[in-house]
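Peer 1: Sharing a structure, written as structure tokens. Questions coming.
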Amino acid sequence: MKKLAALVAVLCVALMLGACAKEEKKEPQVLKLGSLSPLTGPYAADGNDIANGARTAIEVIKSEGGIPGFDDITLVAQDSACDPRQAVAAANKLINEKVVGVVGAYCSSSTIPASETLAEQNIPMLTPASTNEKVTERGLKYMFRICGRDDDQSVVAVKFMTDYLKAKTVFVVDDKTTYSQGLADNVEKLAGEKGLEVLMHDHVNQGDKDYSAVLTKIKSMNPDVLYMSLQNSSSGSLMAIQAKRMGITAKIIGQDAVYHPQLMEIAKDAAEGIFLTFGYIDVDKPAYKKFIGAYEPKYGQPGAYSGYAYDAAYTLLKAIKEAGSTDPAKIREKIMAMDYEGASKHIKFMENGDSGSNYIIRVVKDGAFANFWDPATGKTY
Amino acid sequence: MDYFLQQLTNGVTLGGVYALIALGYTMVYGIIQLINFAHGEFFAAGGYMGVILIGWLLTTGAPPWVCLSLGMLLAMGYCAMLAMAVEKVAYKPLRKASRLAVLLSALGMSIFLQNGLMLTQGVYDKAYPTQMTQGGFAIGNVSISYMQVIIVAVTAALLIGLNLLVFRTRIGKAMRATAQDKTMSALVGINANRVISTTFAIGAALAAAAGIMVGFYYGSVRYDMGFVPGIKAFAAAVLGGIGNITGAMIGGFVIGLVEIFAAAYISSQYKDVFAFIILIAVLYFMPTGIMGENVDDTRV
């Protein structure tokens with residue numbers, strides 16, 4: 001009797017599976033877009049901003065009529081954890097998922113190995129956040145970059161110190177990642193060339209909470225400028241709070257990784273007056289309004305890379321739509337021909353996949369980021 | 001000289017935090033020879049519970065100092081219960097298993113708790129209502145913030161309280177007896193399970209207190225904040241002689257001071273290196289740690 005029951009049960013399950021399989025054949029055509037960013041670990045905040053930016057782009061494209069030939073568009077969000085090994089594993093997973101293109105990754109040290117893996121399958125990759133120069137200097141045909149480059153970023157930072165702040169001395173501190181140390185090294189070198197005295201270039205560890213030792217050192221040296229090259233806004237706000245508590249009067253200059261609404265939320269009044277190098281944002285243009293209108297109700301205030309991730313995903317989907325095909329060569333052709341106003345910047349690619357830098361100095365004013373100084377004209381906004 | 005004194009202040013503050021966390025490691029080790037790797041997560045959970053409770057209490061309009069102390073006590077109570085639950089689920093069933101199995105269970109629990117925090121509280125930093133503890137004073141050119149004073153004062157009070165508890169009360173005596181010989185103490189009527197549970201609870205409550213003070217001192221908490229201080233405090237416990245309460249306190253202050261002075265006089269990037277060099281050097285010459293002589297009646 002028991003055996004019979006078991007047999008019936010097995011048959012039932014088999015029938016159900018059969019039914020499922022049949023249904024799958026009728027399933028609608030889904031376009032899969034991949035994203036790679038740290039969804040866990042210390043950079044999870046920025047990583048989730050990137051995934052959310054890509055999701056917003058998908059929604060906007062869908063509301064604009066979707067892509068002909070596909071019934072739906074989904075995002076396959078993978079966790080790169082800012083770890084080169086996991087980034088490669090995640091890239092392989094995306095290849096198995098048969099994504100048509102990838103938005104990501106965040107840390108340059110993840111983007112570089114992941115892009116090599118994706119390149120073997122000719123899958124286009126658009127990074128919204130990796131600013132290290134090497135990302136687009138390896139001759140990869142399907143590597144594109146929406147954000148700017150570190151060599152441009154450091155030039156703007158140093159120019160601001162000498163031309164606007166008229167600083168004589170600077171103290172440089174970084175937290176030893178490919179990105180933050182690369183940028184700090186560039187600033188140190190350029191400052192030296194420009195006659196700005198670098199009092200010291202010190203390093204802190206990633207994930208540190210206590211900066212009292214290095215800040216006491218800074219206080220005793222009393223530099224005009226503190227160049228704060230940290231990997232995320234959480235470290236940046238901790239340093240800002242402690243600097244204020246110590247009574248450090250040096251002007252603080254940060255960079256794009258510290259740029260996040262969290263900076264003001266955590267550091268509160270200690271964040272006031274911090275300068276940051278970041279891309280110019282025109283909040284009044286229609287493309288930005290379209291992005292913010294779709295993003296903010298769902299995910300709150302955008303982070304540093306939300307807009308870039310949105311533009312990356314939007315560019316990719318737009319290219320697929322225009323090409324009428326998911327063939328990588330055709331997508332690339334359309335991406336290279338792009339010339340339109342995105343939410344974060346004007347989207348137009350150079351032969352190496354870069355889209356140019358538009359760094360300016362932004363400042364924290366009354367608890368919000370505001371455009372402050374334009375390096376091209378040397379004037380404040 | 002001012003520079004030295006300022007850095008000394010920084011070091012003592014950091015050391016106090018490490019000491020509070022290290023106590024939890026050392027007490028649990030003393031009693032069941034387990035390195036409780038989930039201990040750092042109690043520190044993080046305490047930090048979160050503190051900001052949630054204090055934030056809520058502040059909305060009731062009670063005076064800030066009442067909110068602060070009440071919120072802190074409640075968060076410590078919460079973490080104590082959390083630790084007892086963790087002990088029941090992850091360690092008690094393995095009491096007779098090999099030590100490796102319990103250790104792995106501890107690592108698993110640590111990952112579970114950290115990800116639990118991430119999923120329930122989100123990946124973003126959570127800000128503390130720091131305006132109530134802002135400010136400070138200066139002695140000569142050395143500036144000391146109120147929060148630094150609070151950290152050192154609360155740490156000292158908790159350490160004295162713990163010493164009284166362990167050496168002057170019945171439960172403390174039971175803890176010391178269980179640490180010495182579990183079977184024998186059970187024979188004289190001590191409920192070993194309850195003693196172990198209490199030990200976990202006390203350790204976690206101390207970690208929660210540290211988590212809240214760190215939240216106020218640095219201005220924010222984060223789901224992964226328990227990992228690095230957890231490792232440092234573990235090193236402090238080993239340095240002081242694991243299983244020894246006074247040792248854990250000394251170890252915490254040594255690690256804190258070494259870190260700050262390495263950062264002050266050499267470079268911040270070497271501070272962890274020096275903290276661990278000290279650890280290795282001490283263990284080389286004193287394999288049982290600074291206070292780790294084998295006098296079992298001081299052990300918990």
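Lettering and numbering for the structure tokens are positional, with chains as A, B, ... in the shown order, residues counted from 1 in each chain, and ligands counted from 1 in the shown order.
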Got a sec: who's within 8 Å of Thr216 (chain A), counting only C-alpha atoms, leaving out chain neighbours fewer than 3 positions off, as a list of chain:residue names?
Peer 2: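 Residues meeting the cut-off are A:Ser212, A:Ala213, A:Lys219, A:Ser220, A:Met246, B:Tyr3, B:Gln6, B:Gln7, B:Ala264.
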Peer 1: For the contact check between chain A and chain B, emit one row per residue of chain A within 10 Å, containing the shortest atom pair and the distance in Å rounded to one decimal, counting only C-alpha atoms, chain then rising number order, as a tab-separated table.
Peer 2:
```
residue	atom	partner	partner_atom	distance
A:Leu39	CA	B:Val123	CA	8.3
A:Thr40	CA	B:Val123	CA	7.5
A:Gly41	CA	B:Asp224	CA	7.3
A:Pro42	CA	B:Asp224	CA	7.3
A:Tyr43	CA	B:Val123	CA	8.5
A:Ala44	CA	B:Val123	CA	5.8
A:Ala45	CA	B:Tyr124	CA	5.5
A:Asp46	CA	B:Tyr124	CA	9.0
A:Gly47	CA	B:Val123	CA	9.6
A:Asn48	CA	B:Val123	CA	8.4
A:Val173	CA	B:Ser268	CA	9.6
A:Asp174	CA	B:Gln269	CA	9.7
A:Asp175	CA	B:Gln269	CA	8.4
A:Lys176	CA	B:Gln269	CA	8.5
A:His201	CA	B:Ser267	CA	9.5
A:Asp202	CA	B:Ser267	CA	6.4
A:His203	CA	B:Gln269	CA	5.2
A:Val204	CA	B:Ser268	CA	5.0
A:Asn205	CA	B:Gln269	CA	6.0
A:Gln206	CA	B:Gln269	CA	9.7
A:Gly207	CA	B:Val228	CA	7.5
A:Asp208	CA	B:Val228	CA	8.0
A:Lys209	CA	B:Tyr218	CA	7.1
A:Asp210	CA	B:Tyr218	CA	7.6
A:Tyr211	CA	B:Ser268	CA	8.6
A:Ser212	CA	B:Asn10	CA	6.2
A:Ala213	CA	B:Ala264	CA	5.2
A:Val214	CA	B:Ala264	CA	6.3
A:Leu215	CA	B:Ala264	CA	9.1
A:Thr216	CA	B:Gln7	CA	7.1
A:Lys217	CA	B:Ala264	CA	6.6
A:Lys219	CA	B:Tyr3	CA	9.4
A:Ser220	CA	B:Tyr3	CA	7.3
A:Ser233	CA	B:Asp125	CA	9.4
A:Ser234	CA	B:Asp125	CA	6.8
A:Ser237	CA	B:Gly219	CA	8.6
A:Leu238	CA	B:Tyr218	CA	6.2
A:Met239	CA	B:Tyr218	CA	8.9
A:Ile241	CA	B:Tyr218	CA	7.3
A:Gln242	CA	B:Tyr218	CA	7.4
A:Arg245	CA	B:Ser145	CA	7.7
A:Met246	CA	B:Ser143	CA	7.2
A:Gly247	CA	B:Ser143	CA	9.0
A:Gln262	CA	B:Asp125	CA	7.4
A:Leu263	CA	B:Asp125	CA	9.6
A:Met264	CA	B:Ala127	CA	9.8
A:Glu265	CA	B:Ala127	CA	6.7
A:Ile266	CA	B:Ala127	CA	4.9
A:Ala267	CA	B:Gly219	CA	7.1
A:Lys268	CA	B:Ala127	CA	9.0
```
Peer 1: Please, what distance in Å, to one decimal, runs between CA of Phe276 (chain B) and CA of Met200 (chain A)?
Peer 2: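 These atoms are spaced 25.2 Å apart.
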Peer 1: When you look at Pro38 (chain A) with a cut-off of 12 Å (counting only C-alpha atoms), what residues show up, excluding the ones that are within fewer than 2 positions of it in the same chain? I need them as number ranges by chain.
Peer 2: A: 35-36, 40-51, 77-84, 86-87, 90, 104-111, 129; B: 123
Peer 1: Would you please extract all strand (DSSP E or B) residues from region 70-161 of chain B, as assigned by DSSP on the backbone, and give them as a list of chain:residue names?
Peer 2: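 Selecting the strand (DSSP E or B) positions of region 70-161 of chain B gives B:Lys126, B:Ala127, B:Gly136, B:Phe137, B:Ala138, B:Ile139, B:Val142, B:Ser143, B:Ile144, B:Ser145.
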Peer 1: How would the residues just picked look written out with all heavy atoms as a CSV table (one decimal), in the first residue's frame?
Peer 2:
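What ended up in part-v5.csv:
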```
chain,number,residue,atom,x,y,z
B,126,LYS,N,24.3,54.0,9.9
B,126,LYS,CA,23.2,54.6,10.7
B,126,LYS,C,23.8,55.6,11.6
B,126,LYS,O,24.8,55.3,12.3
B,126,LYS,CB,22.5,53.5,11.5
B,126,LYS,CG,21.1,53.8,11.8
B,126,LYS,CD,20.4,52.6,12.3
B,126,LYS,CE,19.0,52.9,12.7
B,126,LYS,NZ,18.0,52.8,11.6
B,127,ALA,N,23.3,56.8,11.5
B,127,ALA,CA,23.9,57.9,12.3
B,127,ALA,C,23.4,57.9,13.7
B,127,ALA,O,22.2,57.5,14.0
B,127,ALA,CB,23.5,59.2,11.7
B,136,GLY,N,33.7,69.3,24.7
B,136,GLY,CA,34.8,68.8,25.4
B,136,GLY,C,35.5,69.9,26.1
B,136,GLY,O,35.0,71.1,26.1
B,137,PHE,N,36.7,69.7,26.6
B,137,PHE,CA,37.4,70.7,27.3
B,137,PHE,C,38.9,70.5,27.0
B,137,PHE,O,39.3,69.5,26.3
B,137,PHE,CB,37.2,70.7,28.8
B,137,PHE,CG,37.5,69.3,29.4
B,137,PHE,CD1,38.7,69.0,29.9
B,137,PHE,CD2,36.4,68.3,29.4
B,137,PHE,CE1,39.0,67.8,30.4
B,137,PHE,CE2,36.7,67.1,30.0
B,137,PHE,CZ,38.0,66.8,30.5
B,138,ALA,N,39.7,71.4,27.4
B,138,ALA,CA,41.1,71.3,27.1
B,138,ALA,C,41.9,71.5,28.4
B,138,ALA,O,41.6,72.3,29.2
B,138,ALA,CB,41.5,72.4,26.1
B,139,ILE,N,43.0,70.7,28.5
B,139,ILE,CA,43.9,70.8,29.6
B,139,ILE,C,45.2,71.3,28.9
B,139,ILE,O,45.9,70.4,28.2
B,139,ILE,CB,44.1,69.6,30.4
B,139,ILE,CG1,42.8,69.1,30.9
B,139,ILE,CG2,45.2,69.8,31.5
B,139,ILE,CD1,42.9,67.7,31.6
B,142,VAL,N,46.0,70.0,25.3
B,142,VAL,CA,45.4,68.6,25.0
B,142,VAL,C,43.9,68.7,25.1
B,142,VAL,O,43.4,69.1,26.1
B,142,VAL,CB,46.0,67.6,26.1
B,142,VAL,CG1,45.4,66.3,25.8
B,142,VAL,CG2,47.5,67.6,26.1
B,143,SER,N,43.3,68.5,24.0
B,143,SER,CA,41.8,68.5,24.0
B,143,SER,C,41.2,67.2,24.3
B,143,SER,O,41.6,66.2,23.7
B,143,SER,CB,41.3,69.1,22.7
B,143,SER,OG,41.7,68.4,21.6
B,144,ILE,N,40.2,67.2,25.2
B,144,ILE,CA,39.6,65.9,25.6
B,144,ILE,C,38.1,66.1,25.4
B,144,ILE,O,37.5,67.1,25.8
B,144,ILE,CB,39.9,65.6,27.0
B,144,ILE,CG1,41.4,65.4,27.2
B,144,ILE,CG2,39.1,64.3,27.5
B,144,ILE,CD1,41.8,65.3,28.7
B,145,SER,N,37.5,65.2,24.6
B,145,SER,CA,36.0,65.3,24.4
B,145,SER,C,35.3,64.6,25.6
B,145,SER,O,35.8,63.7,26.2
B,145,SER,CB,35.6,64.8,23.1
B,145,SER,OG,35.7,63.4,23.1
```
Peer 1: Output as JSON, numbers by chain all residues of region 252-340 of chain A that backbone DSSP marks as alpha helix (DSSP H).
Peer 2: {"A": [262, 263, 264, 265, 266, 267, 286, 287, 288, 289, 290, 291, 292, 293, 294, 295, 296, 297, 298, 299, 306, 307, 308, 309, 310, 311, 312, 313, 314, 315, 316, 317, 318, 319, 320, 321, 322, 323, 328, 329, 330, 331, 332, 333, 334, 335, 336]}
Peer 1: Extract, using only C-alpha atoms, all DNA, RNA and protein residues at most 6 Å from region 196-212 of chain B, discarding same-chain residues fewer than 4 positions from it, and format them as a list in words.
Peer 2: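 Everything that qualifies: Val17, Leu20, Ile21, Gly24, Phe42, Phe43, Ala44, Gly46, Gly47, Gly50, Met76, Cys79, Ala80, Ala83 and Met84 of chain B.
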Peer 1: Produce a file of the selected residues containing N, CA and C atoms, as a CSV table (one decimal), in the first residue's frame.
Peer 2:
```csv
chain,number,residue,atom,x,y,z
B,17,VAL,N,37.8,50.7,24.7
B,17,VAL,CA,36.8,49.9,23.9
B,17,VAL,C,37.2,48.5,23.7
B,20,LEU,N,36.7,46.3,26.8
B,20,LEU,CA,35.4,45.9,27.0
B,20,LEU,C,35.0,44.7,26.1
B,21,ILE,N,35.4,44.7,24.9
B,21,ILE,CA,35.1,43.6,24.0
B,21,ILE,C,35.9,42.4,24.4
B,24,GLY,N,34.6,39.8,27.0
B,24,GLY,CA,33.6,38.7,26.6
B,24,GLY,C,34.4,37.5,26.0
B,42,PHE,N,28.0,40.8,18.6
B,42,PHE,CA,27.2,41.3,19.8
B,42,PHE,C,27.5,42.8,19.9
B,43,PHE,N,28.8,43.1,19.7
B,43,PHE,CA,29.2,44.5,19.7
B,43,PHE,C,28.4,45.4,18.7
B,44,ALA,N,28.3,44.8,17.5
B,44,ALA,CA,27.6,45.5,16.4
B,44,ALA,C,26.1,45.6,16.7
B,46,GLY,N,24.7,45.5,19.5
B,46,GLY,CA,24.5,46.5,20.6
B,46,GLY,C,24.5,47.9,20.1
B,47,GLY,N,25.4,48.2,19.2
B,47,GLY,CA,25.5,49.5,18.6
B,47,GLY,C,24.2,49.8,17.9
B,50,GLY,N,21.2,50.1,20.4
B,50,GLY,CA,21.4,51.4,21.1
B,50,GLY,C,20.8,52.6,20.3
B,76,MET,N,21.9,46.6,26.3
B,76,MET,CA,22.8,45.5,27.0
B,76,MET,C,22.0,44.3,27.3
B,79,CYS,N,21.3,42.4,24.1
B,79,CYS,CA,22.4,41.6,23.6
B,79,CYS,C,22.7,40.4,24.6
B,80,ALA,N,22.4,40.6,25.8
B,80,ALA,CA,22.6,39.4,26.8
B,80,ALA,C,21.6,38.3,26.4
B,83,ALA,N,22.8,36.7,23.2
B,83,ALA,CA,24.0,35.8,23.4
B,83,ALA,C,23.5,34.5,24.0
B,84,MET,N,22.5,34.5,24.9
B,84,MET,CA,22.0,33.3,25.5
B,84,MET,C,21.4,32.4,24.4
```
Peer 1: For a quick check of understanding, using only C-alpha atoms, which of B:Arg170, B:Leu159, B:Gly71, B:Met184 has the smallest distance to Ile250 (chain B)?
Peer 2: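 Comparing B:Arg170, B:Leu159, B:Gly71, B:Met184 against Ile250 (chain B), the winner is B:Leu159.
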Peer 1: I'd like the contact shell of Leu165 (chain B) - 12 Å cut-off, only C-alpha atoms, skipping same-chain residues fewer than 3 positions apart - returned as a ChimeraX atom specification.
Peer 2: /B:158-162,168-176,198-199,202,245,300
Peer 1: Could you save those same residues with all heavy atoms as a short mmCIF file (atom, residue, chain, number, x, y, z; two decimals), in the first residue's frame?
Peer 2:
```
data_model
loop_
_atom_site.label_atom_id
_atom_site.label_comp_id
_atom_site.auth_asym_id
_atom_site.auth_seq_id
_atom_site.Cartn_x
_atom_site.Cartn_y
_atom_site.Cartn_z
N LEU B 158 32.40 49.51 34.59
CA LEU B 158 31.99 48.15 34.23
C LEU B 158 33.05 47.14 34.65
O LEU B 158 32.74 46.03 35.09
CB LEU B 158 31.72 48.06 32.72
CG LEU B 158 30.43 48.73 32.25
CD1 LEU B 158 30.35 48.73 30.74
CD2 LEU B 158 29.22 48.03 32.83
N LEU B 159 34.32 47.53 34.53
CA LEU B 159 35.39 46.61 34.91
C LEU B 159 35.36 46.34 36.41
O LEU B 159 35.49 45.19 36.86
CB LEU B 159 36.76 47.17 34.51
CG LEU B 159 37.02 47.29 33.01
CD1 LEU B 159 38.42 47.78 32.74
CD2 LEU B 159 36.79 45.98 32.30
N ILE B 160 35.16 47.40 37.19
CA ILE B 160 35.09 47.22 38.65
C ILE B 160 33.88 46.36 39.00
O ILE B 160 33.97 45.41 39.77
CB ILE B 160 35.02 48.60 39.35
CG1 ILE B 160 36.35 49.33 39.16
CG2 ILE B 160 34.72 48.43 40.84
CD1 ILE B 160 36.31 50.80 39.56
N GLY B 161 32.75 46.68 38.35
CA GLY B 161 31.53 45.90 38.60
C GLY B 161 31.73 44.43 38.29
O GLY B 161 31.32 43.55 39.05
N LEU B 162 32.39 44.18 37.17
CA LEU B 162 32.61 42.79 36.78
C LEU B 162 33.51 42.07 37.78
O LEU B 162 33.26 40.91 38.14
CB LEU B 162 33.25 42.76 35.38
CG LEU B 162 33.48 41.37 34.82
CD1 LEU B 162 32.14 40.71 34.52
CD2 LEU B 162 34.31 41.42 33.56
N ARG B 168 33.09 38.40 44.27
CA ARG B 168 32.40 38.68 45.53
C ARG B 168 30.99 38.07 45.61
O ARG B 168 30.35 38.18 46.62
CB ARG B 168 32.28 40.20 45.76
CG ARG B 168 33.60 40.92 45.93
CD ARG B 168 34.07 40.90 47.38
NE ARG B 168 35.32 41.62 47.53
CZ ARG B 168 36.52 41.11 47.27
NH1 ARG B 168 36.64 39.85 46.86
NH2 ARG B 168 37.61 41.83 47.42
N THR B 169 30.48 37.52 44.50
CA THR B 169 29.10 37.04 44.56
C THR B 169 29.05 35.51 44.39
O THR B 169 30.04 34.89 43.99
CB THR B 169 28.24 37.66 43.45
OG1 THR B 169 28.79 37.25 42.19
CG2 THR B 169 28.22 39.17 43.53
N ARG B 170 27.88 34.95 44.68
CA ARG B 170 27.70 33.51 44.55
C ARG B 170 27.83 33.06 43.09
O ARG B 170 28.49 32.07 42.80
CB ARG B 170 26.32 33.11 45.07
CG ARG B 170 26.25 32.95 46.56
CD ARG B 170 24.81 32.68 46.96
NE ARG B 170 24.35 31.36 46.51
CZ ARG B 170 24.58 30.24 47.20
NH1 ARG B 170 25.22 30.28 48.35
NH2 ARG B 170 24.15 29.08 46.76
N ILE B 171 27.19 33.83 42.19
CA ILE B 171 27.26 33.42 40.78
C ILE B 171 28.71 33.50 40.28
O ILE B 171 29.16 32.67 39.49
CB ILE B 171 26.29 34.24 39.89
CG1 ILE B 171 26.30 33.78 38.44
CG2 ILE B 171 26.57 35.72 39.92
CD1 ILE B 171 25.57 32.51 38.18
N GLY B 172 29.44 34.49 40.80
CA GLY B 172 30.85 34.61 40.42
C GLY B 172 31.65 33.41 40.89
O GLY B 172 32.48 32.85 40.17
N LYS B 173 31.35 32.99 42.10
CA LYS B 173 32.03 31.81 42.64
C LYS B 173 31.69 30.59 41.79
O LYS B 173 32.56 29.77 41.47
CB LYS B 173 31.56 31.61 44.09
CG LYS B 173 32.54 30.83 44.95
CD LYS B 173 31.99 30.73 46.37
CE LYS B 173 33.01 31.18 47.39
NZ LYS B 173 32.44 31.25 48.74
N ALA B 174 30.41 30.48 41.41
CA ALA B 174 29.98 29.35 40.58
C ALA B 174 30.69 29.38 39.24
O ALA B 174 31.10 28.34 38.70
CB ALA B 174 28.47 29.40 40.38
N MET B 175 30.88 30.60 38.71
CA MET B 175 31.58 30.72 37.42
C MET B 175 33.02 30.25 37.54
O MET B 175 33.53 29.51 36.70
CB MET B 175 31.55 32.18 36.95
CG MET B 175 30.21 32.60 36.38
SD MET B 175 30.02 34.38 36.34
CE MET B 175 30.84 34.75 34.83
N ARG B 176 33.65 30.69 38.62
CA ARG B 176 35.05 30.27 38.79
C ARG B 176 35.15 28.77 39.01
O ARG B 176 36.06 28.12 38.50
CB ARG B 176 35.66 31.04 39.97
CG ARG B 176 36.05 32.47 39.57
CD ARG B 176 36.67 33.23 40.71
NE ARG B 176 35.69 33.53 41.75
CZ ARG B 176 35.96 33.47 43.06
NH1 ARG B 176 37.14 33.14 43.47
NH2 ARG B 176 35.02 33.76 43.94
N THR B 198 24.95 32.51 31.73
CA THR B 198 25.19 33.80 32.38
C THR B 198 26.49 34.43 31.87
O THR B 198 26.55 35.63 31.61
CB THR B 198 25.29 33.62 33.91
OG1 THR B 198 24.24 32.76 34.32
CG2 THR B 198 25.19 34.94 34.62
N THR B 199 27.50 33.60 31.71
CA THR B 199 28.78 34.11 31.23
C THR B 199 28.63 34.74 29.85
O THR B 199 29.13 35.84 29.60
CB THR B 199 29.81 32.97 31.16
OG1 THR B 199 29.77 32.28 32.40
CG2 THR B 199 31.19 33.51 30.90
N ILE B 202 26.76 38.10 30.20
CA ILE B 202 27.56 39.21 30.73
C ILE B 202 28.54 39.72 29.68
O ILE B 202 28.66 40.93 29.44
CB ILE B 202 28.32 38.77 32.00
CG1 ILE B 202 27.32 38.43 33.11
CG2 ILE B 202 29.28 39.86 32.47
CD1 ILE B 202 27.96 37.78 34.30
N ILE B 245 40.60 37.78 33.46
CA ILE B 245 39.86 39.04 33.32
C ILE B 245 40.78 40.26 33.38
O ILE B 245 40.74 41.13 32.51
CB ILE B 245 38.78 39.13 34.41
CG1 ILE B 245 37.69 38.11 34.11
CG2 ILE B 245 38.19 40.52 34.47
CD1 ILE B 245 36.53 38.16 35.06
N VAL B 300 38.08 32.93 34.85
CA VAL B 300 36.65 32.73 34.62
C VAL B 300 36.47 32.29 33.19
O VAL B 300 37.07 32.84 32.31
CB VAL B 300 35.84 34.01 34.88
CG1 VAL B 300 34.50 33.93 34.20
CG2 VAL B 300 35.64 34.18 36.35
#
```
Peer 1: Could you work out how far CA of Pro297 (chain A) lies from CA of Glu322 (chain A), giving the answer in Å with one decimal?
Peer 2: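 Atom-to-atom, CA of Glu322 (chain A) and CA of Pro297 (chain A) are spaced 29.0 Å apart.
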